[in-house]
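Just run-v1.txt here, compact mmCIF, C-alpha atoms and all ligand atoms:
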```
# COMPACT_ATOMS: atom_id res chain seq x y z
CA MET A 1 -25.32 -8.83 43.70
CA ASN A 2 -23.29 -5.79 44.69
CA LYS A 3 -20.10 -7.59 43.74
CA LEU A 4 -21.52 -8.48 40.34
CA PHE A 5 -22.54 -4.88 39.77
CA LEU A 6 -19.05 -3.68 40.67
CA LEU A 7 -17.47 -6.21 38.34
CA VAL A 8 -19.68 -5.19 35.41
CA PHE A 9 -19.01 -1.53 36.19
CA ALA A 10 -15.24 -2.14 36.26
CA VAL A 11 -15.31 -3.99 32.92
CA VAL A 12 -17.37 -1.26 31.27
CA VAL A 13 -15.07 1.48 32.56
CA THR A 14 -11.91 -0.40 31.51
CA CYS A 15 -13.21 -1.02 27.99
CA LYS A 16 -14.28 2.60 27.67
CA THR A 17 -10.92 3.88 28.81
CA SER A 18 -8.88 1.84 26.32
CA SER A 19 -11.19 2.17 23.31
CA GLY A 20 -12.12 5.73 24.19
CA GLN A 21 -8.55 7.05 24.33
CA PRO A 22 -8.10 10.25 22.34
CA LEU A 23 -6.93 9.46 18.82
CA LYS A 24 -3.94 11.76 19.30
CA ASN A 25 -2.63 9.50 22.11
CA ILE A 26 -3.21 6.37 20.05
CA VAL A 27 -1.24 7.87 17.15
CA GLU A 28 1.61 9.10 19.38
CA ASP A 29 1.90 5.74 21.16
CA ALA A 30 1.77 3.82 17.88
CA LEU A 31 4.55 5.97 16.42
CA LYS A 32 6.67 5.57 19.54
CA PHE A 33 6.27 1.80 19.47
CA SER A 34 6.97 1.69 15.72
CA GLU A 35 10.24 3.54 16.27
CA GLN A 36 11.44 1.04 18.87
CA GLN A 37 10.27 -2.00 16.91
CA SER A 38 11.73 -0.80 13.61
CA LEU A 39 15.09 -0.02 15.19
CA LEU A 40 15.23 -3.66 16.27
CA MET A 41 14.49 -4.64 12.68
CA ALA A 42 17.08 -2.20 11.30
CA LYS A 43 19.76 -3.59 13.62
CA LYS A 44 18.90 -7.19 12.76
CA TYR A 45 19.62 -6.80 9.04
CA ALA A 46 22.27 -4.04 9.15
CA SER A 47 25.21 -6.42 8.76
CA GLN A 48 23.44 -8.68 6.22
CA GLU A 49 24.66 -7.03 3.03
CA GLY A 50 21.85 -6.12 0.62
CA ARG A 51 19.04 -7.79 2.63
CA LEU A 52 15.66 -6.22 3.32
CA PRO A 53 12.89 -7.50 5.63
CA ARG A 54 9.97 -9.18 3.90
CA THR A 55 7.92 -11.13 6.48
CA PHE A 56 8.06 -13.46 9.48
CA ASP A 57 6.49 -16.81 8.69
CA LYS A 58 6.14 -19.93 10.87
CA GLY A 59 8.54 -18.48 13.42
CA LYS A 60 11.23 -17.64 10.84
CA ASP A 61 12.58 -14.33 9.56
CA VAL A 62 12.13 -13.98 5.80
CA SER A 63 14.18 -11.36 3.98
CA SER A 64 14.77 -10.53 0.31
CA ASP A 65 17.25 -8.74 -1.86
CA SER A 66 16.21 -5.60 -3.72
CA ARG A 67 14.62 -7.55 -6.59
CA TRP A 68 11.51 -8.45 -4.56
CA TRP A 69 8.69 -5.96 -5.24
CA CYS A 70 8.56 -4.97 -1.57
CA SER A 71 12.19 -3.91 -1.20
CA GLY A 72 11.38 -0.20 -0.85
CA PHE A 73 8.87 -0.53 1.96
CA PHE A 74 11.16 -0.98 4.96
CA PRO A 75 13.36 1.99 4.00
CA GLY A 76 10.13 3.93 3.40
CA SER A 77 8.87 2.99 6.88
CA LEU A 78 12.11 4.26 8.38
CA TRP A 79 11.64 7.57 6.51
CA TYR A 80 8.15 7.98 7.99
CA ILE A 81 9.49 7.22 11.46
CA TYR A 82 12.29 9.72 10.94
CA GLU A 83 9.77 12.33 9.77
CA ASN A 84 7.92 11.94 13.04
CA THR A 85 10.81 11.54 15.48
CA LYS A 86 13.83 13.26 13.88
CA ASN A 87 15.87 10.50 15.51
CA PRO A 88 19.38 10.58 13.89
CA GLU A 89 19.82 6.83 14.39
CA VAL A 90 16.65 6.20 12.38
CA LEU A 91 17.93 8.61 9.70
CA SER A 92 21.19 6.71 9.29
CA TYR A 93 19.32 3.40 8.93
CA ALA A 94 16.85 4.99 6.49
CA LYS A 95 19.80 6.00 4.29
CA LEU A 96 21.48 2.60 4.62
CA TYR A 97 18.39 0.61 3.61
CA THR A 98 17.41 3.10 0.89
CA ASP A 99 20.81 2.63 -0.76
CA ARG A 100 20.22 -1.13 -0.84
CA VAL A 101 17.42 -0.57 -3.35
CA GLU A 102 19.34 1.74 -5.71
CA ARG A 103 20.17 -0.85 -8.37
CA GLU A 104 16.44 -1.19 -9.10
CA LYS A 105 16.65 2.07 -11.04
CA TYR A 106 17.76 -0.10 -13.99
CA THR A 107 14.85 -2.56 -13.67
CA VAL A 108 13.01 -2.99 -16.96
CA ASP A 109 11.63 -6.52 -16.53
CA ASN A 110 8.67 -5.70 -14.26
CA HIS A 111 6.50 -2.76 -13.23
CA ASP A 112 7.34 -2.61 -9.52
CA VAL A 113 10.01 0.09 -9.88
CA GLY A 114 7.57 2.70 -8.57
CA PHE A 115 6.89 0.78 -5.36
CA MET A 116 10.58 0.09 -4.86
CA LEU A 117 11.97 3.54 -5.53
CA TYR A 118 9.23 6.01 -4.68
CA CYS A 119 8.65 4.65 -1.14
CA SER A 120 12.39 4.63 -0.41
CA PHE A 121 14.17 7.31 -2.47
CA GLY A 122 10.98 9.36 -2.97
CA ASN A 123 10.42 9.78 0.77
CA GLY A 124 14.15 10.27 1.28
CA LEU A 125 14.18 13.11 -1.25
CA ARG A 126 11.06 14.68 0.25
CA LEU A 127 12.60 14.72 3.73
CA THR A 128 16.26 15.50 3.02
CA GLY A 129 16.42 17.12 -0.43
CA GLU A 130 19.42 14.85 -1.19
CA LYS A 131 20.40 15.61 -4.80
CA ARG A 132 21.74 12.12 -5.47
CA TYR A 133 18.27 10.68 -4.91
CA GLU A 134 16.86 12.73 -7.82
CA GLU A 135 19.04 10.90 -10.34
CA VAL A 136 17.98 7.52 -8.95
CA LEU A 137 14.29 8.41 -9.22
CA LEU A 138 14.60 9.84 -12.73
CA THR A 139 16.59 6.85 -14.01
CA GLY A 140 14.01 4.54 -12.41
CA ALA A 141 11.11 6.41 -14.03
CA ARG A 142 12.76 6.11 -17.44
CA SER A 143 13.28 2.38 -16.88
CA LEU A 144 9.60 1.99 -15.97
CA ALA A 145 8.54 3.96 -19.05
CA THR A 146 10.26 1.39 -21.31
CA ARG A 147 7.41 -0.97 -20.39
CA TYR A 148 4.82 1.28 -22.04
CA ARG A 149 3.47 0.30 -25.45
CA PRO A 150 1.53 3.07 -27.25
CA LYS A 151 -0.79 0.64 -29.08
CA VAL A 152 -2.06 -0.62 -25.71
CA GLY A 153 -1.67 2.65 -23.81
CA LEU A 154 -0.60 1.02 -20.54
CA ILE A 155 2.57 -0.11 -18.79
CA ARG A 156 3.00 -3.86 -18.91
CA SER A 157 3.05 -5.37 -15.41
CA TRP A 158 4.54 -8.83 -15.79
CA ASP A 159 6.50 -10.85 -18.33
CA HIS A 160 5.61 -14.36 -17.12
CA ASN A 161 2.74 -16.70 -18.14
CA THR A 162 3.03 -15.67 -21.78
CA GLU A 163 1.00 -18.73 -22.93
CA GLU A 164 -2.06 -17.14 -21.35
CA TRP A 165 -1.47 -13.39 -21.11
CA GLN A 166 -0.43 -11.32 -24.11
CA TYR A 167 0.04 -8.11 -22.14
CA PRO A 168 -0.94 -8.37 -18.46
CA VAL A 169 -1.71 -5.25 -16.45
CA ILE A 170 -2.65 -5.55 -12.78
CA ILE A 171 -4.58 -3.03 -10.71
CA ASP A 172 -1.53 -2.65 -8.43
CA ASN A 173 0.29 -1.00 -11.33
CA LEU A 174 -1.59 2.26 -10.66
CA MET A 175 0.73 2.72 -7.69
CA ASN A 176 3.79 3.03 -9.95
CA LEU A 177 2.49 6.10 -11.76
CA GLU A 178 3.36 8.46 -8.91
CA LEU A 179 7.04 8.01 -9.76
CA LEU A 180 6.34 8.90 -13.41
CA LEU A 181 4.41 12.02 -12.43
CA TRP A 182 7.22 13.14 -10.15
CA ALA A 183 9.77 12.54 -12.93
CA ALA A 184 7.67 14.43 -15.51
CA GLU A 185 7.48 17.45 -13.22
CA TYR A 186 11.15 17.27 -12.26
CA SER A 187 12.56 16.76 -15.76
CA GLY A 188 9.95 18.61 -17.82
CA ASP A 189 9.54 15.47 -19.94
CA ALA A 190 5.83 15.64 -20.82
CA LYS A 191 5.94 12.13 -22.31
CA LEU A 192 6.26 10.63 -18.82
CA LYS A 193 3.06 12.36 -17.72
CA GLU A 194 1.27 11.26 -20.92
CA ILE A 195 2.16 7.66 -20.11
CA ALA A 196 0.85 7.96 -16.54
CA VAL A 197 -2.41 9.62 -17.63
CA SER A 198 -2.99 7.13 -20.43
CA HIS A 199 -2.44 4.23 -18.01
CA ALA A 200 -4.82 5.75 -15.45
CA ASP A 201 -7.52 6.39 -18.09
CA LYS A 202 -7.33 2.93 -19.66
CA THR A 203 -7.49 1.39 -16.19
CA ILE A 204 -10.75 3.25 -15.53
CA GLN A 205 -12.08 1.98 -18.87
CA ASN A 206 -11.13 -1.65 -18.53
CA HIS A 207 -10.36 -2.69 -14.96
CA PHE A 208 -13.60 -1.73 -13.23
CA ARG A 209 -17.01 -3.35 -12.99
CA PRO A 210 -20.24 -1.31 -12.84
CA ASP A 211 -20.13 -1.39 -9.00
CA TYR A 212 -16.56 0.07 -9.06
CA SER A 213 -14.92 -3.08 -7.79
CA SER A 214 -11.90 -4.02 -9.89
CA TYR A 215 -10.45 -7.03 -11.61
CA HIS A 216 -6.95 -7.97 -10.58
CA VAL A 217 -5.44 -8.81 -13.98
CA VAL A 218 -6.51 -7.44 -17.35
CA SER A 219 -4.55 -8.80 -20.28
CA TYR A 220 -4.57 -6.83 -23.53
CA ASP A 221 -4.43 -8.05 -27.11
CA THR A 222 -1.26 -6.47 -28.47
CA LEU A 223 -2.67 -6.10 -32.01
CA SER A 224 -6.05 -4.54 -31.21
CA GLY A 225 -4.99 -2.90 -27.92
CA LYS A 226 -8.24 -4.21 -26.36
CA PRO A 227 -8.60 -6.50 -23.31
CA HIS A 228 -8.71 -10.21 -24.17
CA LEU A 229 -8.87 -11.58 -20.59
CA LYS A 230 -10.04 -10.33 -17.19
CA GLN A 231 -8.93 -12.51 -14.30
CA THR A 232 -7.56 -12.76 -10.83
CA HIS A 233 -4.15 -13.91 -9.67
CA GLN A 234 -4.18 -13.26 -5.94
CA GLY A 235 -7.94 -13.02 -5.35
CA TYR A 236 -10.61 -15.65 -4.66
CA SER A 237 -12.05 -15.77 -8.18
CA ASP A 238 -11.98 -13.87 -11.47
CA GLU A 239 -15.19 -12.03 -10.56
CA SER A 240 -14.36 -11.40 -6.90
CA ALA A 241 -13.04 -8.24 -5.25
CA TRP A 242 -9.57 -8.98 -3.90
CA ALA A 243 -9.28 -6.68 -0.88
CA ARG A 244 -5.82 -5.22 -1.46
CA GLY A 245 -6.60 -4.67 -5.12
CA GLN A 246 -9.53 -2.45 -4.14
CA GLY A 247 -7.11 -0.57 -1.88
CA TRP A 248 -4.58 -0.07 -4.69
CA GLY A 249 -7.35 1.42 -6.83
CA LEU A 250 -8.56 3.76 -4.09
CA TYR A 251 -5.06 4.94 -3.22
CA GLY A 252 -4.12 5.26 -6.90
CA TYR A 253 -6.98 7.53 -7.99
CA THR A 254 -6.67 9.60 -4.81
CA TYR A 255 -3.09 10.63 -5.54
CA LEU A 256 -3.81 10.86 -9.28
CA TYR A 257 -6.37 13.53 -8.42
CA ARG A 258 -3.88 15.28 -6.12
CA GLU A 259 -1.23 15.36 -8.87
CA THR A 260 -3.41 16.16 -11.91
CA LYS A 261 -6.51 17.86 -10.45
CA ASP A 262 -8.53 15.82 -12.96
CA LYS A 263 -12.02 15.51 -11.45
CA ARG A 264 -12.59 12.13 -13.16
CA TYR A 265 -9.95 10.65 -10.90
CA LEU A 266 -11.61 12.14 -7.83
CA GLU A 267 -14.95 10.64 -8.87
CA GLN A 268 -13.29 7.27 -9.41
CA ALA A 269 -11.69 7.39 -5.96
CA LYS A 270 -15.01 8.33 -4.34
CA ASN A 271 -16.82 5.51 -6.10
CA ILE A 272 -14.19 2.97 -5.05
CA ALA A 273 -14.35 4.28 -1.46
CA ASN A 274 -18.12 3.84 -1.56
CA PHE A 275 -17.74 0.22 -2.74
CA ILE A 276 -15.24 -0.58 0.01
CA ILE A 277 -16.89 1.20 2.93
CA ASN A 278 -20.44 0.05 2.26
CA HIS A 279 -19.66 -3.52 1.28
CA SER A 280 -21.95 -5.94 3.12
CA GLU A 281 -18.96 -8.20 3.91
CA MET A 282 -16.84 -5.44 5.40
CA PRO A 283 -16.43 -6.18 9.14
CA LYS A 284 -17.41 -3.50 11.67
CA ASP A 285 -13.76 -2.80 12.49
CA PHE A 286 -13.10 -2.13 8.77
CA ILE A 287 -10.23 -4.63 8.53
CA PRO A 288 -11.32 -6.54 5.41
CA TYR A 289 -11.05 -10.24 4.83
CA TRP A 290 -8.42 -10.96 2.17
CA ASP A 291 -11.15 -10.99 -0.48
CA PHE A 292 -14.61 -9.41 -0.17
CA ASN A 293 -16.28 -12.39 -1.84
CA VAL A 294 -14.52 -15.32 -0.21
CA PRO A 295 -16.93 -17.71 1.60
CA LYS A 296 -16.07 -17.18 5.25
CA THR A 297 -15.31 -19.59 8.07
CA ALA A 298 -13.87 -18.86 11.51
CA GLU A 299 -10.39 -19.35 9.96
CA THR A 300 -10.72 -16.95 7.03
CA PRO A 301 -7.85 -14.48 7.41
CA ARG A 302 -8.15 -10.73 7.32
CA ASP A 303 -5.69 -8.50 5.50
CA ALA A 304 -4.16 -5.78 7.67
CA SER A 305 -2.16 -4.56 4.66
CA ALA A 306 -5.39 -3.76 2.80
CA ALA A 307 -6.71 -1.98 5.89
CA SER A 308 -3.64 0.20 6.37
CA LEU A 309 -3.54 1.06 2.66
CA ILE A 310 -7.25 1.97 2.65
CA ALA A 311 -6.88 4.01 5.86
CA SER A 312 -4.01 6.03 4.44
CA ALA A 313 -5.90 6.68 1.18
CA LEU A 314 -9.13 7.68 2.97
CA ILE A 315 -7.29 10.16 5.17
CA GLU A 316 -5.93 11.87 2.06
CA LEU A 317 -9.22 11.61 0.13
CA SER A 318 -11.06 13.24 3.04
CA ASP A 319 -9.25 16.49 2.14
CA TYR A 320 -10.76 16.58 -1.37
CA VAL A 321 -14.47 16.01 -0.66
CA ASP A 322 -17.40 17.78 1.02
CA LYS A 323 -17.73 17.89 4.80
CA GLY A 324 -20.21 15.01 5.07
CA LEU A 325 -18.09 12.59 3.05
CA SER A 326 -14.92 13.80 4.69
CA LYS A 327 -16.33 12.96 8.12
CA LYS A 328 -17.42 9.55 6.90
CA TYR A 329 -13.99 8.71 5.43
CA MET A 330 -12.21 9.89 8.56
CA LYS A 331 -14.49 7.82 10.78
CA VAL A 332 -13.64 4.68 8.82
CA ALA A 333 -9.91 5.46 8.80
CA GLU A 334 -9.97 6.21 12.51
CA THR A 335 -11.72 2.89 13.23
CA GLN A 336 -9.10 1.08 11.14
CA VAL A 337 -6.19 2.81 12.87
CA ARG A 338 -7.62 2.20 16.34
CA THR A 339 -8.06 -1.49 15.49
CA LEU A 340 -4.60 -1.82 13.96
CA ALA A 341 -3.06 -0.06 16.97
CA SER A 342 -4.73 -2.47 19.40
CA ALA A 343 -3.07 -5.61 20.74
CA ALA A 344 -5.12 -7.68 18.29
CA TYR A 345 -3.03 -6.35 15.39
CA THR A 346 0.05 -4.63 16.86
CA ALA A 347 2.88 -6.93 17.92
CA SER A 348 4.75 -6.81 21.22
CA LEU A 349 8.22 -5.31 21.26
CA GLY A 350 10.77 -7.74 19.81
CA GLU A 351 8.13 -10.21 18.63
CA ASN A 352 6.55 -10.79 15.21
CA GLY A 353 10.04 -10.76 13.64
CA ALA A 354 10.22 -7.06 14.63
CA PHE A 355 7.40 -6.13 12.25
CA ILE A 356 4.79 -3.73 13.63
CA LEU A 357 1.53 -5.29 12.44
CA LYS A 358 0.28 -8.87 12.45
CA HIS A 359 -2.40 -10.54 10.29
CA SER A 360 -1.78 -9.63 6.67
CA THR A 361 -2.37 -11.85 3.66
CA GLY A 362 0.03 -11.77 0.70
CA ALA A 363 -1.21 -14.34 -1.83
CA PHE A 364 -3.81 -16.70 -0.41
CA PRO A 365 -4.39 -18.84 -3.55
CA MET A 366 -0.66 -19.69 -3.65
CA LYS A 367 -0.70 -20.38 0.12
CA SER A 368 1.99 -17.74 0.34
CA GLU A 369 2.24 -15.26 3.22
CA VAL A 370 -1.11 -16.05 4.84
CA ASP A 371 -1.85 -14.35 8.19
CA VAL A 372 1.66 -12.96 8.58
CA PRO A 373 3.32 -9.56 8.99
CA LEU A 374 4.23 -7.83 5.72
CA SER A 375 6.54 -4.86 5.14
CA TYR A 376 3.91 -2.96 3.17
CA ALA A 377 1.26 -3.28 5.88
CA ASP A 378 3.70 -1.50 8.20
CA TYR A 379 4.58 1.11 5.54
CA TYR A 380 1.00 2.20 4.82
CA TYR A 381 0.14 2.06 8.53
CA LEU A 382 3.00 4.46 9.27
CA GLU A 383 1.87 6.67 6.40
CA ALA A 384 -1.69 6.67 7.81
CA LEU A 385 -0.36 7.55 11.28
CA THR A 386 1.74 10.36 9.81
CA ARG A 387 -1.19 11.74 7.82
CA LEU A 388 -3.42 11.56 10.90
CA LYS A 389 -0.81 13.29 13.05
CA ARG A 390 -0.65 16.19 10.58
CA LYS A 391 -4.43 16.60 10.89
CA LEU A 392 -4.83 16.31 14.68
N1 LIG A 401 1.55 -5.84 -5.65
C1 LIG A 401 1.44 -7.16 -5.22
C2 LIG A 401 0.47 -7.35 -4.10
O1 LIG A 401 -0.27 -6.46 -3.74
O2 LIG A 401 0.49 -8.44 -3.55
```

Please lay out the structure from this file as structure tokens.
Ligand code: GLY
Amino acid sequence: MNKLFLLVFAVVVTCKTSSGQPLKNIVEDALKFSEQQSLLMAKKYASQEGRLPRTFDKGKDVSSDSRWWCSGFFPGSLWYIYENTKNPEVLSYAKLYTDRVEREKYTVDNHDVGFMLYCSFGNGLRLTGEKRYEEVLLTGARSLATRYRPKVGLIRSWDHNTEEWQYPVIIDNLMNLELLLWAAEYSGDAKLKEIAVSHADKTIQNHFRPDYSSYHVVSYDTLSGKPHLKQTHQGYSDESAWARGQGWGLYGYTYLYRETKDKRYLEQAKNIANFIINHSEMPKDFIPYWDFNVPKTAETPRDASAASLIASALIELSDYVDKGLSKKYMKVAETQVRTLASAAYTASLGENGAFILKHSTGAFPMKSEVDVPLSYADYYYLEALTRLKRKL
């Protein structure tokens, strides 16, 4: 009996000690680990000209060239690590991998230029003031702006599947507007800001349902400028809430409020946060399944990339709301970060293809990148850690 009591006592104390660690220690340890792990990654691809890490799938490293929409995330992760550590070795790799993405400043055949350039060159400029990076970002913003059609009032996302979609715009596209807003401010070209604001406003009008969940794809009729289709591409169904898509919306309207001070964007972000946080299918650890509406079995994967993106957005949004809401957002973000930093989601050194986080889902319906590490999960996790560190 005594032995049993001691055993139970020991288990309770052990659990308390690991889950009850001060958040500051969790953040510091996570950043330290991320530095070591990401240096392994940086060394692995350094001599592979033009390559950037993408994922690690079925025991194999998967890399891409700069054309893949995720090319800016690994350089961006290195910038966040450099911001926190000031390690000169990390700085030199951040520059090396950032330069690998430069040619995307001429990309006019898809909308991902903002992801590619703002995470890499944008963070590089913020941390070093390197003049050369300004030209890359401005050229990239002008390339992105070529995809705007005034009749529709949005930037076109994709050029494929033209039999079905006249003018497809995906919720993810909100993330590209930050580059345009930077470029408008930097160059004084008001047109770039008009494009960003028009895109953000039309997305509020047409992408959201009454409960503030969002469609993934809205395709517009190019003659009337009105939506002709509302669908999914990476979610469970047309009417479902694809987890990462909800995260893109939350993150998008949070920074749109920061950059424009337009209260409508703040309200939108708060409403999206409310949908995500209070969803009946959101697990207690706040790491969502890949889609909020997918019928679940024991095998249904989570999406750590959605969790890290939502955590980072909530930490920022908590600065713009009243005390009660701020506390609520921070509690959710803290739970997410604690879970992501635990052994259930954080890899061991040298494993997981040298990615930091495990268990993300790229595109479940295509059976692509299911329950794998992804470069953007790591990027938004590092951003969340950095934002938390600034607050603690
Ligand atoms: N932007 C593509 C995705 O979230 O998978």

Quiz item: Which of these, A:Tyr257, A:Tyr320, A:Tyr329, A:Tyr236, has the shortest distance to Tyr289 in chain A once you count all atoms listed in the file?
Solution: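 Among A:Tyr257, A:Tyr320, A:Tyr329, A:Tyr236, it is A:Tyr236 that comes nearest to Tyr289 in chain A.
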
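Neighbouring residues of ligand LIG 401 (chain A) at a cut-off of 9 Å, counting all atoms listed in the file, are Trp69, Cys70, Asp112, Phe115, Ile170, Ile171, Asp172, Asn173, Met175, Gln234, Arg244, Gly245, Trp248, Ser305, Ala306, Thr361, Gly362, Ala363 and Tyr376 of chain A.
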
Practice problem: Determine the nearest neighbour of Ile287 in chain A from the options A:Val321, A:Ala243, A:Leu256, A:Leu31, counting only C-alpha atoms. | Solution: A:Ala243

Quiz item: Between A:Lys86, A:Asp221, A:Ser34, A:Asp303, which has the minimum distance to Thr162 in chain A (counting only C-alpha atoms)?
Solution: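 Of A:Lys86, A:Asp221, A:Ser34, A:Asp303, the one nearest Thr162 in chain A is A:Asp221, counting only C-alpha atoms.
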
Quiz item: Quick one: of A:Ala333, A:Val218, A:Leu52, A:Ile155, who's nearest to Met116 in chain A, counting only C-alpha atoms?
Solution: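 Smallest separation from Met116 in chain A among the options: A:Leu52.
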
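Counting from CA of Glu178 in chain A, the distance to CA of Ser71 in chain A is 17.0 Å.
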
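Shortest separation to Thr203 in chain A among A:Val332, A:Trp165, A:Phe355, A:Leu154 occurs at residue A:Leu154, atoms counted being all atoms listed in the file.
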
Quiz item: Is there a way to get, as a PyMOL selection string, all residues within 9 Å of the point (8.5, 1.5, -20.4) in file coordinates, counting all atoms listed in the file?
Solution: chain A and resi 108+111+141-149+155-156+195

Selection near range 212-216 of chain A, 8 Å with all atoms listed in the file, sequence-local residues under 4 positions removed, as a short mmCIF file (atom, residue, chain, number, x, y, z; two decimals) with C-alpha atoms, in the frame of the given file:
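Saved the output as out-v5.cif:
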```cif
data_model
loop_
_atom_site.label_atom_id
_atom_site.label_comp_id
_atom_site.auth_asym_id
_atom_site.auth_seq_id
_atom_site.Cartn_x
_atom_site.Cartn_y
_atom_site.Cartn_z
CA ILE A 170 -2.65 -5.55 -12.78
CA ILE A 171 -4.58 -3.03 -10.71
CA ASP A 172 -1.53 -2.65 -8.43
CA HIS A 207 -10.36 -2.69 -14.96
CA PHE A 208 -13.60 -1.73 -13.23
CA LYS A 230 -10.04 -10.33 -17.19
CA GLN A 231 -8.93 -12.51 -14.30
CA THR A 232 -7.56 -12.76 -10.83
CA HIS A 233 -4.15 -13.91 -9.67
CA GLN A 234 -4.18 -13.26 -5.94
CA GLY A 235 -7.94 -13.02 -5.35
CA ASP A 238 -11.98 -13.87 -11.47
CA GLU A 239 -15.19 -12.03 -10.56
CA SER A 240 -14.36 -11.40 -6.90
CA ALA A 241 -13.04 -8.24 -5.25
CA TRP A 242 -9.57 -8.98 -3.90
CA GLY A 245 -6.60 -4.67 -5.12
CA GLN A 246 -9.53 -2.45 -4.14
CA GLY A 249 -7.35 1.42 -6.83
CA GLN A 268 -13.29 7.27 -9.41
CA ASN A 271 -16.82 5.51 -6.10
CA ILE A 272 -14.19 2.97 -5.05
CA PHE A 275 -17.74 0.22 -2.74
#
```

Quiz item: What is the distance, in Å and to one decimal place, between CA of Gly59 in chain A and CA of Ala384 in chain A?
Solution: 27.7 Å

Quiz prompt | Polymer residues at most 8 Å from Ile277 in chain A, only C-alpha atoms, same-chain spacing of 3 or more positions, as a list of chain:residue names | solution =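 Result of the neighbour search: A:Ala273, A:Asn274, A:Met282, A:Phe286, A:Val332.
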
Quiz item: What is the CA of Asp378 in chain A-CA of Asn176 in chain A distance in Å, reported with one decimal?
Solution: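 We find that CA of Asp378 in chain A and CA of Asn176 in chain A lie 18.7 Å from each other.
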
Quiz item: Quick one: of A:Gly353, A:Pro365, A:Leu250, A:Leu325, who's nearest to Asp291 in chain A, counting only C-alpha atoms?
Solution: A:Pro365

Practice problem: Compile the contact shell of Tyr93 in chain A as a VMD selection string: residues with an atom at most 12 Å away, counting only C-alpha atoms, same-chain residues fewer than 2 positions apart removed. | Solution: chain A and resid 35 38 to 47 52 74 to 79 81 to 82 87 to 91 95 to 100 120 124
